[in-house]
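target-v6.cif, holding mmCIF, C-alpha atoms:
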data_my_file
#
loop_
_atom_site.group_PDB
_atom_site.id
_atom_site.type_symbol
_atom_site.label_atom_id
_atom_site.label_comp_id
_atom_site.auth_asym_id
_atom_site.auth_seq_id
_atom_site.Cartn_x
_atom_site.Cartn_y
_atom_site.Cartn_z
ATOM 1 C CA MET A 6 -79.051 -13.006 62.191
ATOM 2 C CA LYS A 7 -79.330 -10.219 59.644
ATOM 3 C CA LYS A 8 -80.865 -11.232 56.336
ATOM 4 C CA ILE A 9 -79.470 -9.653 53.205
ATOM 5 C CA SER A 10 -82.009 -8.115 50.855
ATOM 6 C CA LEU A 11 -81.412 -10.410 47.937
ATOM 7 C CA ILE A 12 -82.233 -9.554 44.367
ATOM 8 C CA ILE A 13 -82.507 -13.123 43.143
ATOM 9 C CA MET A 14 -82.580 -13.925 39.449
ATOM 10 C CA VAL A 15 -85.250 -16.485 38.749
ATOM 11 C CA VAL A 16 -83.218 -17.791 35.855
ATOM 12 C CA THR A 17 -79.819 -19.221 36.643
ATOM 13 C CA THR A 18 -76.778 -18.952 34.420
ATOM 14 C CA LEU A 19 -78.207 -16.740 31.709
ATOM 15 C CA PHE A 20 -75.572 -16.310 29.051
ATOM 16 C CA THR A 21 -75.375 -16.185 25.290
ATOM 17 C CA SER A 22 -75.169 -19.444 23.376
ATOM 18 C CA CYS A 23 -72.977 -19.682 20.311
ATOM 19 C CA ASN A 24 -74.239 -20.641 16.870
ATOM 20 C CA THR A 25 -72.822 -20.702 13.360
ATOM 21 C CA ASN A 26 -74.930 -18.037 11.680
ATOM 22 C CA ASN A 27 -72.684 -15.012 12.011
ATOM 23 C CA GLY A 28 -70.116 -14.743 9.260
ATOM 24 C CA LYS A 29 -68.034 -12.409 11.426
ATOM 25 C CA ASN A 30 -67.960 -14.901 14.252
ATOM 26 C CA PRO A 31 -64.818 -17.080 14.494
ATOM 27 C CA PHE A 32 -67.063 -19.850 15.748
ATOM 28 C CA SER A 33 -68.778 -19.895 12.342
ATOM 29 C CA LYS A 34 -65.790 -21.355 10.495
ATOM 30 C CA LEU A 35 -66.829 -24.927 11.080
ATOM 31 C CA GLY A 36 -68.907 -25.007 7.916
ATOM 32 C CA SER A 37 -71.716 -27.026 9.527
ATOM 33 C CA ASN A 38 -75.154 -26.629 7.959
ATOM 34 C CA LEU A 39 -77.203 -26.997 11.134
ATOM 35 C CA GLU A 40 -80.052 -24.651 10.340
ATOM 36 C CA GLU A 41 -82.439 -25.987 12.963
ATOM 37 C CA ASN A 42 -79.834 -25.808 15.721
ATOM 38 C CA ASN A 43 -78.917 -22.290 14.672
ATOM 39 C CA ASP A 44 -82.574 -21.243 14.683
ATOM 40 C CA ILE A 45 -82.968 -22.549 18.237
ATOM 41 C CA ILE A 46 -79.890 -20.741 19.515
ATOM 42 C CA THR A 47 -80.652 -17.508 17.647
ATOM 43 C CA TYR A 48 -84.149 -17.467 19.118
ATOM 44 C CA TYR A 49 -82.783 -18.169 22.598
ATOM 45 C CA ASN A 50 -80.259 -15.339 22.356
ATOM 46 C CA ASN A 51 -82.907 -12.899 21.100
ATOM 47 C CA VAL A 52 -85.315 -13.896 23.868
ATOM 48 C CA LEU A 53 -82.537 -13.637 26.444
ATOM 49 C CA GLU A 54 -81.707 -10.122 25.269
ATOM 50 C CA ALA A 55 -85.383 -9.137 25.389
ATOM 51 C CA TYR A 56 -85.803 -10.663 28.858
ATOM 52 C CA LYS A 57 -82.841 -8.701 30.208
ATOM 53 C CA THR A 58 -84.205 -5.498 28.684
ATOM 54 C CA TYR A 59 -87.666 -6.028 30.148
ATOM 55 C CA ASN A 60 -86.256 -7.050 33.524
ATOM 56 C CA ASN A 61 -83.801 -4.168 33.835
ATOM 57 C CA SER A 62 -85.619 -1.382 32.007
ATOM 58 C CA TYR A 63 -89.243 -2.107 32.935
ATOM 59 C CA ILE A 64 -89.468 -4.332 36.014
ATOM 60 C CA THR A 65 -86.496 -3.237 38.134
ATOM 61 C CA LYS A 66 -86.713 0.438 37.199
ATOM 62 C CA GLY A 67 -90.468 0.321 37.730
ATOM 63 C CA ILE A 68 -90.225 -1.004 41.279
ATOM 64 C CA ASN A 69 -87.527 1.542 42.105
ATOM 65 C CA TYR A 70 -89.715 4.311 40.689
ATOM 66 C CA PHE A 71 -92.674 3.295 42.845
ATOM 67 C CA ASP A 72 -90.466 3.214 45.950
ATOM 68 C CA LYS A 73 -89.144 6.696 45.223
ATOM 69 C CA ALA A 74 -92.649 7.969 44.449
ATOM 70 C CA GLU A 75 -93.883 6.626 47.778
ATOM 71 C CA GLU A 76 -91.091 8.386 49.641
ATOM 72 C CA PHE A 77 -91.773 11.581 47.677
ATOM 73 C CA ILE A 78 -95.496 11.569 48.488
ATOM 74 C CA THR A 79 -94.890 10.892 52.176
ATOM 75 C CA LYS A 80 -92.567 13.883 52.422
ATOM 76 C CA LYS A 81 -94.803 16.175 50.354
ATOM 77 C CA ILE A 82 -97.857 15.449 52.504
ATOM 78 C CA ALA A 83 -95.754 16.062 55.614
ATOM 79 C CA GLY A 84 -94.504 19.347 54.181
ATOM 80 C CA VAL A 85 -90.902 18.172 53.977
ATOM 81 C CA PRO A 86 -88.843 19.536 51.036
ATOM 82 C CA THR A 87 -88.206 16.819 48.473
ATOM 83 C CA ILE A 88 -87.595 16.225 44.773
ATOM 84 C CA LYS A 89 -90.051 14.431 42.513
ATOM 85 C CA PRO A 90 -88.629 11.200 41.058
ATOM 86 C CA ILE A 91 -87.839 11.128 37.359
ATOM 87 C CA LYS A 92 -89.872 8.770 35.221
ATOM 88 C CA PRO A 93 -87.632 5.901 34.076
ATOM 89 C CA ILE A 94 -86.577 5.760 30.444
ATOM 90 C CA HIS A 95 -87.414 2.406 28.898
ATOM 91 C CA VAL A 96 -85.251 0.682 26.317
ATOM 92 C CA ILE A 97 -87.146 -0.363 23.201
ATOM 93 C CA ILE A 98 -86.748 -3.941 21.955
ATOM 94 C CA ALA A 99 -85.191 -3.964 18.479
ATOM 95 C CA PRO A 100 -88.014 -4.679 15.986
ATOM 96 C CA HIS A 101 -85.815 -6.903 13.812
ATOM 97 C CA LYS A 102 -85.373 -9.472 16.570
ATOM 98 C CA LYS A 103 -87.435 -12.569 15.781
ATOM 99 C CA ILE A 104 -89.027 -13.442 19.115
ATOM 100 C CA ASP A 105 -92.747 -13.756 18.422
ATOM 101 C CA SER A 106 -92.638 -17.281 17.039
ATOM 102 C CA ALA A 107 -90.467 -20.021 18.542
ATOM 103 C CA PRO A 108 -88.714 -22.302 16.002
ATOM 104 C CA LYS A 109 -90.136 -25.750 15.369
ATOM 105 C CA GLY A 110 -86.950 -27.233 16.836
ATOM 106 C CA PHE A 111 -88.440 -26.670 20.283
ATOM 107 C CA THR A 112 -90.937 -29.423 19.345
ATOM 108 C CA ASP A 113 -93.615 -29.977 22.004
ATOM 109 C CA LYS A 114 -92.294 -27.019 24.050
ATOM 110 C CA GLN A 115 -92.842 -24.547 21.214
ATOM 111 C CA GLU A 116 -96.264 -23.289 22.311
ATOM 112 C CA LEU A 117 -95.299 -23.204 25.995
ATOM 113 C CA ILE A 118 -92.227 -21.107 25.187
ATOM 114 C CA GLN A 119 -94.163 -18.687 22.992
ATOM 115 C CA ASN A 120 -96.884 -18.211 25.593
ATOM 116 C CA ALA A 121 -94.407 -17.716 28.445
ATOM 117 C CA PHE A 122 -92.533 -15.046 26.522
ATOM 118 C CA GLN A 123 -95.763 -13.285 25.570
ATOM 119 C CA GLU A 124 -96.711 -13.190 29.258
ATOM 120 C CA ILE A 125 -93.308 -11.732 30.141
ATOM 121 C CA ARG A 126 -93.805 -9.006 27.565
ATOM 122 C CA ARG A 127 -97.364 -8.383 28.763
ATOM 123 C CA SER A 128 -96.216 -7.936 32.375
ATOM 124 C CA ALA A 129 -93.523 -5.501 31.263
ATOM 125 C CA ASN A 130 -96.055 -3.482 29.263
ATOM 126 C CA VAL A 131 -98.499 -3.412 32.184
ATOM 127 C CA MET A 132 -95.683 -2.143 34.386
ATOM 128 C CA TYR A 133 -95.035 0.600 31.833
ATOM 129 C CA GLU A 134 -98.713 1.622 31.928
ATOM 130 C CA LEU A 135 -98.731 1.682 35.738
ATOM 131 C CA ILE A 136 -95.661 3.918 35.708
ATOM 132 C CA ASP A 137 -97.336 6.266 33.220
ATOM 133 C CA GLU A 138 -100.380 6.558 35.480
ATOM 134 C CA ILE A 139 -98.267 7.421 38.507
ATOM 135 C CA THR A 140 -96.267 9.988 36.550
ATOM 136 C CA LEU A 141 -99.491 11.826 35.664
ATOM 137 C CA TYR A 142 -100.675 11.380 39.245
ATOM 138 C CA LEU A 143 -97.529 13.016 40.611
ATOM 139 C CA ASP A 144 -97.662 15.835 38.059
ATOM 140 C CA ALA A 145 -101.261 16.651 39.033
ATOM 141 C CA GLU A 146 -100.427 16.375 42.749
ATOM 142 C CA ASP A 147 -103.540 14.261 43.237
ATOM 143 C CA TYR A 148 -101.865 12.600 46.206
ATOM 144 C CA PHE A 149 -102.994 15.570 48.286
ATOM 145 C CA ASP A 150 -106.592 14.471 47.658
ATOM 146 C CA ASP A 151 -106.318 10.708 48.221
ATOM 147 C CA LYS A 152 -103.296 10.712 50.564
ATOM 148 C CA GLY A 153 -101.321 8.477 48.229
ATOM 149 C CA LYS A 154 -103.962 5.777 47.756
ATOM 150 C CA LYS A 155 -103.528 5.536 43.972
ATOM 151 C CA LEU A 156 -99.791 5.080 44.393
ATOM 152 C CA GLN A 157 -100.376 2.237 46.845
ATOM 153 C CA ASP A 158 -102.930 0.634 44.519
ATOM 154 C CA ASN A 159 -100.597 0.798 41.523
ATOM 155 C CA LYS A 160 -97.668 -0.430 43.569
ATOM 156 C CA ALA A 161 -99.700 -3.470 44.626
ATOM 157 C CA LYS A 162 -100.602 -4.132 40.984
ATOM 158 C CA ALA A 163 -96.938 -3.737 40.020
ATOM 159 C CA THR A 164 -95.912 -6.297 42.640
ATOM 160 C CA ILE A 165 -98.334 -8.796 41.117
ATOM 161 C CA GLN A 166 -96.849 -8.155 37.675
ATOM 162 C CA VAL A 167 -93.330 -8.701 39.008
ATOM 163 C CA GLU A 168 -94.373 -12.072 40.420
ATOM 164 C CA HIS A 169 -96.082 -12.960 37.143
ATOM 165 C CA PHE A 170 -93.030 -11.843 35.163
ATOM 166 C CA ASN A 171 -90.652 -13.938 37.274
ATOM 167 C CA ALA A 172 -92.880 -17.018 37.210
ATOM 168 C CA ASN A 173 -93.116 -16.958 33.416
ATOM 169 C CA ALA A 174 -89.399 -16.269 33.040
ATOM 170 C CA LYS A 175 -88.743 -19.419 35.058
ATOM 171 C CA ILE A 176 -91.108 -21.422 32.847
ATOM 172 C CA LEU A 177 -89.584 -19.952 29.693
ATOM 173 C CA PHE A 178 -85.932 -20.648 30.412
ATOM 174 C CA GLU A 179 -86.476 -24.010 32.062
ATOM 175 C CA ALA A 180 -88.308 -25.112 28.907
ATOM 176 C CA MET A 181 -85.657 -23.745 26.551
ATOM 177 C CA SER A 182 -82.420 -24.532 28.378
ATOM 178 C CA PRO A 183 -82.094 -28.313 27.785
ATOM 179 C CA ILE A 184 -83.054 -27.938 24.117
ATOM 180 C CA VAL A 185 -80.641 -25.046 23.616
ATOM 181 C CA GLN A 186 -77.895 -26.976 25.377
ATOM 182 C CA GLN A 187 -78.388 -29.941 23.050
ATOM 183 C CA ALA A 188 -78.404 -27.671 19.992
ATOM 184 C CA GLU A 189 -75.164 -26.080 21.112
ATOM 185 C CA GLU A 190 -73.569 -29.466 21.738
ATOM 186 C CA ASN A 191 -74.522 -30.504 18.207
ATOM 187 C CA ILE A 192 -72.868 -27.406 16.797
ATOM 188 C CA LEU A 193 -69.784 -27.816 18.987
ATOM 189 C CA GLU A 194 -69.347 -31.511 18.213
ATOM 190 C CA ASP A 195 -66.158 -31.032 16.175
ATOM 191 C CA HIS A 196 -65.312 -27.535 17.357
ATOM 192 C CA PRO A 197 -61.596 -26.848 18.033
ATOM 193 C CA LEU A 198 -62.560 -24.871 21.149
ATOM 194 C CA LYS A 199 -65.169 -27.303 22.415
ATOM 195 C CA GLU A 200 -63.113 -28.089 25.530
ATOM 196 C CA HIS A 201 -62.707 -24.398 26.325
ATOM 197 C CA ILE A 202 -66.405 -23.645 25.946
ATOM 198 C CA ILE A 203 -67.527 -26.632 28.001
ATOM 199 C CA SER A 204 -64.981 -25.738 30.681
ATOM 200 C CA ALA A 205 -66.281 -22.168 30.806
ATOM 201 C CA LYS A 206 -69.871 -23.367 31.116
ATOM 202 C CA LYS A 207 -68.950 -25.680 34.002
ATOM 203 C CA ILE A 208 -67.259 -22.805 35.792
ATOM 204 C CA ILE A 209 -70.265 -20.525 35.363
ATOM 205 C CA ALA A 210 -72.569 -23.257 36.643
ATOM 206 C CA GLN A 211 -70.344 -23.684 39.710
ATOM 207 C CA VAL A 212 -70.281 -19.940 40.379
ATOM 208 C CA ASP A 213 -74.056 -19.975 40.104
ATOM 209 C CA ASN A 214 -74.209 -22.859 42.598
ATOM 210 C CA PHE A 215 -72.068 -20.897 45.046
ATOM 211 C CA ILE A 216 -74.223 -17.762 44.853
ATOM 212 C CA SER A 217 -77.432 -19.799 45.044
ATOM 213 C CA GLU A 218 -76.155 -21.454 48.224
ATOM 214 C CA VAL A 219 -75.389 -18.053 49.755
ATOM 215 C CA GLU A 220 -78.906 -16.896 48.897
ATOM 216 C CA LEU A 221 -80.455 -20.056 50.326
ATOM 217 C CA GLN A 222 -78.519 -19.809 53.583
ATOM 218 C CA ALA A 223 -79.319 -16.107 53.943
ATOM 219 C CA GLN A 224 -83.022 -16.723 53.390
ATOM 220 C CA ASN A 225 -83.066 -19.476 55.995
ATOM 221 C CA ASP A 226 -80.912 -17.671 58.577
ATOM 222 C CA ILE A 227 -78.172 -20.288 58.570
ATOM 223 C CA ILE A 228 -74.424 -20.290 57.987
ATOM 224 C CA ASN A 229 -72.974 -23.503 56.586
ATOM 225 C CA GLN A 230 -69.322 -22.737 55.973
ATOM 226 C CA GLU A 231 -68.514 -26.345 55.146
ATOM 227 C CA LYS A 232 -70.947 -26.333 52.210
ATOM 228 C CA LEU A 233 -69.712 -22.970 50.944
ATOM 229 C CA GLN A 234 -66.083 -24.055 51.237
ATOM 230 C CA SER A 235 -66.801 -27.232 49.293
ATOM 231 C CA LEU A 236 -68.422 -25.271 46.465
ATOM 232 C CA TYR A 237 -65.572 -22.769 46.513
ATOM 233 C CA ASN A 238 -62.905 -25.489 46.383
ATOM 234 C CA GLU A 239 -64.521 -27.058 43.328
ATOM 235 C CA LEU A 240 -64.644 -23.647 41.667
ATOM 236 C CA GLU A 241 -60.935 -23.140 42.327
ATOM 237 C CA ASN A 242 -60.270 -26.581 40.869
ATOM 238 C CA LEU A 243 -62.230 -25.831 37.690
ATOM 239 C CA SER A 244 -60.540 -22.447 37.376
ATOM 240 C CA SER A 245 -57.100 -24.035 37.665
ATOM 241 C CA LYS A 246 -57.923 -26.517 34.899
ATOM 242 C CA SER A 247 -59.285 -23.763 32.668
ATOM 243 C CA GLN A 248 -56.104 -21.721 32.991
ATOM 244 C CA LYS A 249 -54.098 -24.657 31.668
ATOM 245 C CA LEU A 250 -56.095 -24.795 28.438
ATOM 246 C CA THR A 251 -54.384 -23.245 25.435
ATOM 247 C CA ILE A 252 -55.628 -22.122 22.028
ATOM 248 C CA LYS A 253 -53.315 -23.426 19.322
ATOM 249 C CA ASP A 254 -55.538 -23.186 16.245
ATOM 250 C CA ASP A 255 -54.464 -20.113 14.239
ATOM 251 C CA ASN A 256 -58.045 -19.634 13.042
ATOM 252 C CA PHE A 257 -58.979 -18.788 16.631
ATOM 253 C CA ALA A 258 -55.923 -16.746 17.583
ATOM 254 C CA LYS A 259 -58.085 -13.707 18.359
ATOM 255 C CA LYS A 260 -59.949 -15.747 20.948
ATOM 256 C CA LYS A 261 -56.860 -16.129 23.134
ATOM 257 C CA SER A 262 -57.251 -12.714 24.734
ATOM 258 C CA SER A 263 -60.988 -13.115 25.387
ATOM 259 C CA PHE A 264 -60.467 -16.570 26.901
ATOM 260 C CA ASN A 265 -57.700 -15.174 29.105
ATOM 261 C CA TYR A 266 -60.054 -12.381 30.119
ATOM 262 C CA PHE A 267 -62.656 -14.967 31.079
ATOM 263 C CA ASN A 268 -60.125 -16.769 33.276
ATOM 264 C CA GLN A 269 -59.116 -13.463 34.839
ATOM 265 C CA SER A 270 -62.753 -12.706 35.646
ATOM 266 C CA ILE A 271 -62.941 -15.993 37.552
ATOM 267 C CA GLU A 272 -59.836 -15.099 39.540
ATOM 268 C CA SER A 273 -61.367 -11.701 40.294
ATOM 269 C CA PHE A 274 -64.490 -13.437 41.631
ATOM 270 C CA LEU A 275 -62.594 -15.742 43.988
ATOM 271 C CA GLY A 276 -61.266 -12.943 46.208
ATOM 272 C CA PRO A 277 -64.690 -11.450 47.072
ATOM 273 C CA ALA A 278 -66.036 -14.992 47.515
ATOM 274 C CA ARG A 279 -63.368 -15.728 50.125
ATOM 275 C CA LYS A 280 -64.091 -12.405 51.820
ATOM 276 C CA LEU A 281 -67.806 -13.194 51.980
ATOM 277 C CA MET A 282 -67.103 -16.571 53.585
ATOM 278 C CA ARG A 283 -64.582 -15.102 56.030
ATOM 279 C CA ASN A 284 -66.849 -12.244 57.104
ATOM 280 C CA SER A 285 -69.924 -14.445 57.463
ATOM 281 C CA SER A 286 -67.912 -16.865 59.592
ATOM 282 C CA ASN A 287 -66.700 -14.062 61.864
ATOM 283 C CA THR A 288 -70.036 -12.254 62.231
ATOM 284 C CA ASN A 289 -72.430 -15.198 61.798
ATOM 285 C CA GLU A 290 -74.346 -13.281 59.129
ATOM 286 C CA PHE A 291 -74.073 -12.401 55.457
ATOM 287 C CA SER A 292 -73.240 -8.823 54.596
ATOM 288 C CA GLU A 293 -75.335 -7.027 51.986
ATOM 289 C CA ARG A 294 -72.163 -5.338 50.771
ATOM 290 C CA ASP A 295 -70.286 -8.632 50.392
ATOM 291 C CA TYR A 296 -73.204 -10.190 48.544
ATOM 292 C CA GLN A 297 -73.514 -7.279 46.118
ATOM 293 C CA GLU A 298 -69.763 -7.366 45.457
ATOM 294 C CA VAL A 299 -69.870 -11.078 44.667
ATOM 295 C CA SER A 300 -72.904 -10.530 42.428
ATOM 296 C CA SER A 301 -71.099 -7.757 40.569
ATOM 297 C CA TYR A 302 -68.136 -10.015 39.810
ATOM 298 C CA TYR A 303 -70.551 -12.751 38.756
ATOM 299 C CA ASN A 304 -71.967 -10.392 36.134
ATOM 300 C CA GLN A 305 -68.431 -9.719 34.914
ATOM 301 C CA ILE A 306 -67.939 -13.458 34.454
ATOM 302 C CA ILE A 307 -71.084 -13.689 32.338
ATOM 303 C CA ASN A 308 -70.008 -10.696 30.254
ATOM 304 C CA SER A 309 -66.535 -12.133 29.701
ATOM 305 C CA TYR A 310 -68.021 -15.466 28.628
ATOM 306 C CA ASN A 311 -70.330 -13.731 26.165
ATOM 307 C CA THR A 312 -67.337 -11.844 24.765
ATOM 308 C CA PHE A 313 -65.480 -15.125 24.349
ATOM 309 C CA VAL A 314 -68.236 -16.849 22.370
ATOM 310 C CA ASP A 315 -69.401 -13.753 20.473
#
Render the structure in this file as structure tokens.
Amino acid sequence: MKKISLIIMVVTTLFTSCNTNNGKNPFSKLGSNLEENNDIITYYNNVLEAYKTYNNSYITKGINYFDKAEEFITKKIAGVPTIKPIKPIHVIIAPHKKIDSAPKGFTDKQELIQNAFQEIRRSANVMYELIDEITLYLDAEDYFDDKGKKLQDNKAKATIQVEHFNANAKILFEAMSPIVQQAEENILEDHPLKEHIISAKKIIAQVDNFISEVELQAQNDIINQEKLQSLYNELENLSSKSQKLTIKDDNFAKKKSSFNYFNQSIESFLGPARKLMRNSSNTNEFSERDYQEVSSYYNQIINSYNTFVD
């Protein structure tokens, strides 16, 4: 059976949590003075944004750059015409984001969270340095002297940093998630849209379960259609319930369109999910193309949720 080359997120269901700090945010009209809860959620959102930046701009782009550099060197040494890869442009983390010190609301997890994030940042910075070295290496054409050895050495070091980055990301978000969830529940206690938000979170968790099951089956060379169908059916059920929810509070009238968009993003996901199950049943393997399509729609769901709670 063909295995799909999965790009697995080590952190499941990463989406923005809502707090009551932002005066422009409709969710801030509750008037609750929950400073500690807000501090927890604000820190989480800032760390989440930084993690995504490091992961996308440093880690993922770095690995892709090393792969392209390896291909480039192989062709150059063989005398085959080729184009030198462009050094990736890294996004800078906004300096005003407060991410160095975790709020005291994280209690006994505070130090663990701070250390894990510092290690994530360190791995990203090391990756940046390794990329810089290879850029100079390619410019000087030193690969003609060592036959690409430095590239291989740096690529091996980069792989270690990726593993370190992912391991610490797992530690970081597993430590934060239950505390953030409780803080959000405290803030949402009397929220007019509490049912909508909880419903959306359940749907995202179910989508995540579905994709995780696909990844697990692909990694283990198995096809369990019964399990996938069960997860899919529950997702359809949750989606149907969500579509029946209405927003009647005039203070949240502007949220109607974003909540409808969220529901539409779920419906858009269901089609590719059915196609993935159908194709895997017919061919007895998961298609890379089907998996990437499902993953793309999953990202749209996360984006639509973040728009809803923004």
Exercise for review: Check what the PyMOL selection byres ((chain A and resi 146) around 12) selects in the file above and give those residues as a ChimeraX atom specification.
Suggested key: /A:74,77-78,81-82,89,139-145,147-153,155-156
Contacts of segment 212-224 of chain A at 6 Å (only C-alpha atoms; same-chain gap of 2+ positions) as an mmCIF file with C-alpha atoms, keeping the file's coordinate frame:
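Final output, saved to part.cif:
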data_model
loop_
_atom_site.group_PDB
_atom_site.id
_atom_site.type_symbol
_atom_site.label_atom_id
_atom_site.label_comp_id
_atom_site.auth_asym_id
_atom_site.auth_seq_id
_atom_site.Cartn_x
_atom_site.Cartn_y
_atom_site.Cartn_z
ATOM 1 C CA LYS A 8 -80.865 -11.232 56.336
ATOM 2 C CA ILE A 209 -70.265 -20.525 35.363
ATOM 3 C CA ALA A 210 -72.569 -23.257 36.643
ATOM 4 C CA ASP A 226 -80.912 -17.671 58.577
ATOM 5 C CA ILE A 227 -78.172 -20.288 58.570
ATOM 6 C CA LEU A 236 -68.422 -25.271 46.465
#
Can you translate the PyMOL selection byres ((chain A and resi 107-112) around 10) into the concrete residues it hits in this file, as a CSV table (one decimal) with C-alpha atoms, keeping the file's coordinate frame?
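Written output follows (result.csv):
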chain,number,residue,atom,x,y,z
A,40,GLU,CA,-80.1,-24.7,10.3
A,41,GLU,CA,-82.4,-26.0,13.0
A,42,ASN,CA,-79.8,-25.8,15.7
A,43,ASN,CA,-78.9,-22.3,14.7
A,44,ASP,CA,-82.6,-21.2,14.7
A,45,ILE,CA,-83.0,-22.5,18.2
A,46,ILE,CA,-79.9,-20.7,19.5
A,47,THR,CA,-80.7,-17.5,17.6
A,48,TYR,CA,-84.1,-17.5,19.1
A,49,TYR,CA,-82.8,-18.2,22.6
A,52,VAL,CA,-85.3,-13.9,23.9
A,103,LYS,CA,-87.4,-12.6,15.8
A,104,ILE,CA,-89.0,-13.4,19.1
A,105,ASP,CA,-92.7,-13.8,18.4
A,106,SER,CA,-92.6,-17.3,17.0
A,113,ASP,CA,-93.6,-30.0,22.0
A,114,LYS,CA,-92.3,-27.0,24.0
A,115,GLN,CA,-92.8,-24.5,21.2
A,116,GLU,CA,-96.3,-23.3,22.3
A,117,LEU,CA,-95.3,-23.2,26.0
A,118,ILE,CA,-92.2,-21.1,25.2
A,119,GLN,CA,-94.2,-18.7,23.0
A,120,ASN,CA,-96.9,-18.2,25.6
A,122,PHE,CA,-92.5,-15.0,26.5
A,180,ALA,CA,-88.3,-25.1,28.9
A,181,MET,CA,-85.7,-23.7,26.6
A,183,PRO,CA,-82.1,-28.3,27.8
A,184,ILE,CA,-83.1,-27.9,24.1
A,185,VAL,CA,-80.6,-25.0,23.6
A,188,ALA,CA,-78.4,-27.7,20.0
Rows by chain and residue number, segment 148-189 of chain A within 12 Å of segment 57-70 of chain A, shortest pair, all atoms listed in the file, as a tab-separated table:
residue	atom	partner	partner_atom	distance
A:Leu156	CA	A:Tyr70	CA	10.8
A:Asn159	CA	A:Ile68	CA	10.5
A:Lys160	CA	A:Ile68	CA	7.8
A:Ala161	CA	A:Ile68	CA	10.3
A:Lys162	CA	A:Ile68	CA	10.8
A:Ala163	CA	A:Ile68	CA	7.4
A:Thr164	CA	A:Ile68	CA	7.9
A:Ile165	CA	A:Ile64	CA	11.2
A:Gln166	CA	A:Ile64	CA	8.5
A:Val167	CA	A:Ile64	CA	6.6
A:Glu168	CA	A:Ile64	CA	10.2
A:His169	CA	A:Ile64	CA	10.9
A:Phe170	CA	A:Ile64	CA	8.4
A:Asn171	CA	A:Asn60	CA	9.0
A:Ala174	CA	A:Asn60	CA	9.8
Six-sided padding of 3 Å per side, axis-aligned box over segment 178-194 of chain A, centre and edges in Å, one decimal, as JSON:
{"center_x": -78.8, "center_y": -26.1, "center_z": 24.4, "size_x": 25.0, "size_y": 16.9, "size_z": 21.3}
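Using only C-alpha atoms, the smallest distance between any of A:His201, A:Arg283, A:Lys206, A:Lys92 and Gln186 of chain A comes from A:Lys206.
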Review point. Rounded to one decimal in Å, what is the spacing between atom CA of Ile94 of chain A and atom CA of Arg127 of chain A?
Key: 17.9 Å
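What separates atom CA of Tyr296 of chain A from atom CA of Asn51 of chain A is a distance of 29.2 Å.
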Review point. What does the distance from atom CA of Ser204 of chain A to atom CA of Ile228 of chain A come to in Å, to one decimal?
Key: 29.4 Å
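The nearest approach to Gln234 of chain A among the residues A:Lys249, A:Lys154, A:Lys280, A:Lys259, with all atoms listed in the file taken into account, belongs to A:Lys280.
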Check your understanding: For Ser285 of chain A, which residue out of A:Leu233, A:Asn268, A:Val96, A:Ile306 is the nearest one, using only C-alpha atoms?
Key -> A:Leu233
Review point. From the list A:Thr251, A:Met282, A:Asp315, A:Ser300, which residue is nearest Asn50 of chain A when using only C-alpha atoms?
Key: A:Asp315
Exercise for review: Identify, on the basis of all atoms listed in the file, every residue whose closest approach to Thr312 of chain A does not exceed 10 Å; exclude the query and any residue fewer than 2 positions from it along the same chain; express the result as a ChimeraX atom specification.
Suggested key: /A:21,260,263-264,266-267,306-310,314-315
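Near Leu240 of chain A, within 8 Å and counting all atoms listed in the file, sit Ile208, Gln211, Val212, Leu236, Tyr237, Leu243 and Ser244 of chain A, not including residues fewer than 3 positions from it in the same chain.
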With C-alpha atoms retained, export the selected residues as a short mmCIF file (atom, residue, chain, number, x, y, z; two decimals), keeping the file's coordinate frame.
data_model
loop_
_atom_site.label_atom_id
_atom_site.label_comp_id
_atom_site.auth_asym_id
_atom_site.auth_seq_id
_atom_site.Cartn_x
_atom_site.Cartn_y
_atom_site.Cartn_z
CA ILE A 208 -67.26 -22.80 35.79
CA GLN A 211 -70.34 -23.68 39.71
CA VAL A 212 -70.28 -19.94 40.38
CA LEU A 236 -68.42 -25.27 46.46
CA TYR A 237 -65.57 -22.77 46.51
CA LEU A 243 -62.23 -25.83 37.69
CA SER A 244 -60.54 -22.45 37.38
#
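Restricting the calculation to all atoms listed in the file, the smallest distance between Lys73 of chain A and any of A:Leu193, A:Ile91, A:Leu135, A:Leu281 is found for A:Ile91.
Proximity ranking of A:Lys199, A:Gln230, A:Asp158, A:Ala121 relative to Glu179 of chain A places A:Ala121 first, based on all atoms listed in the file.
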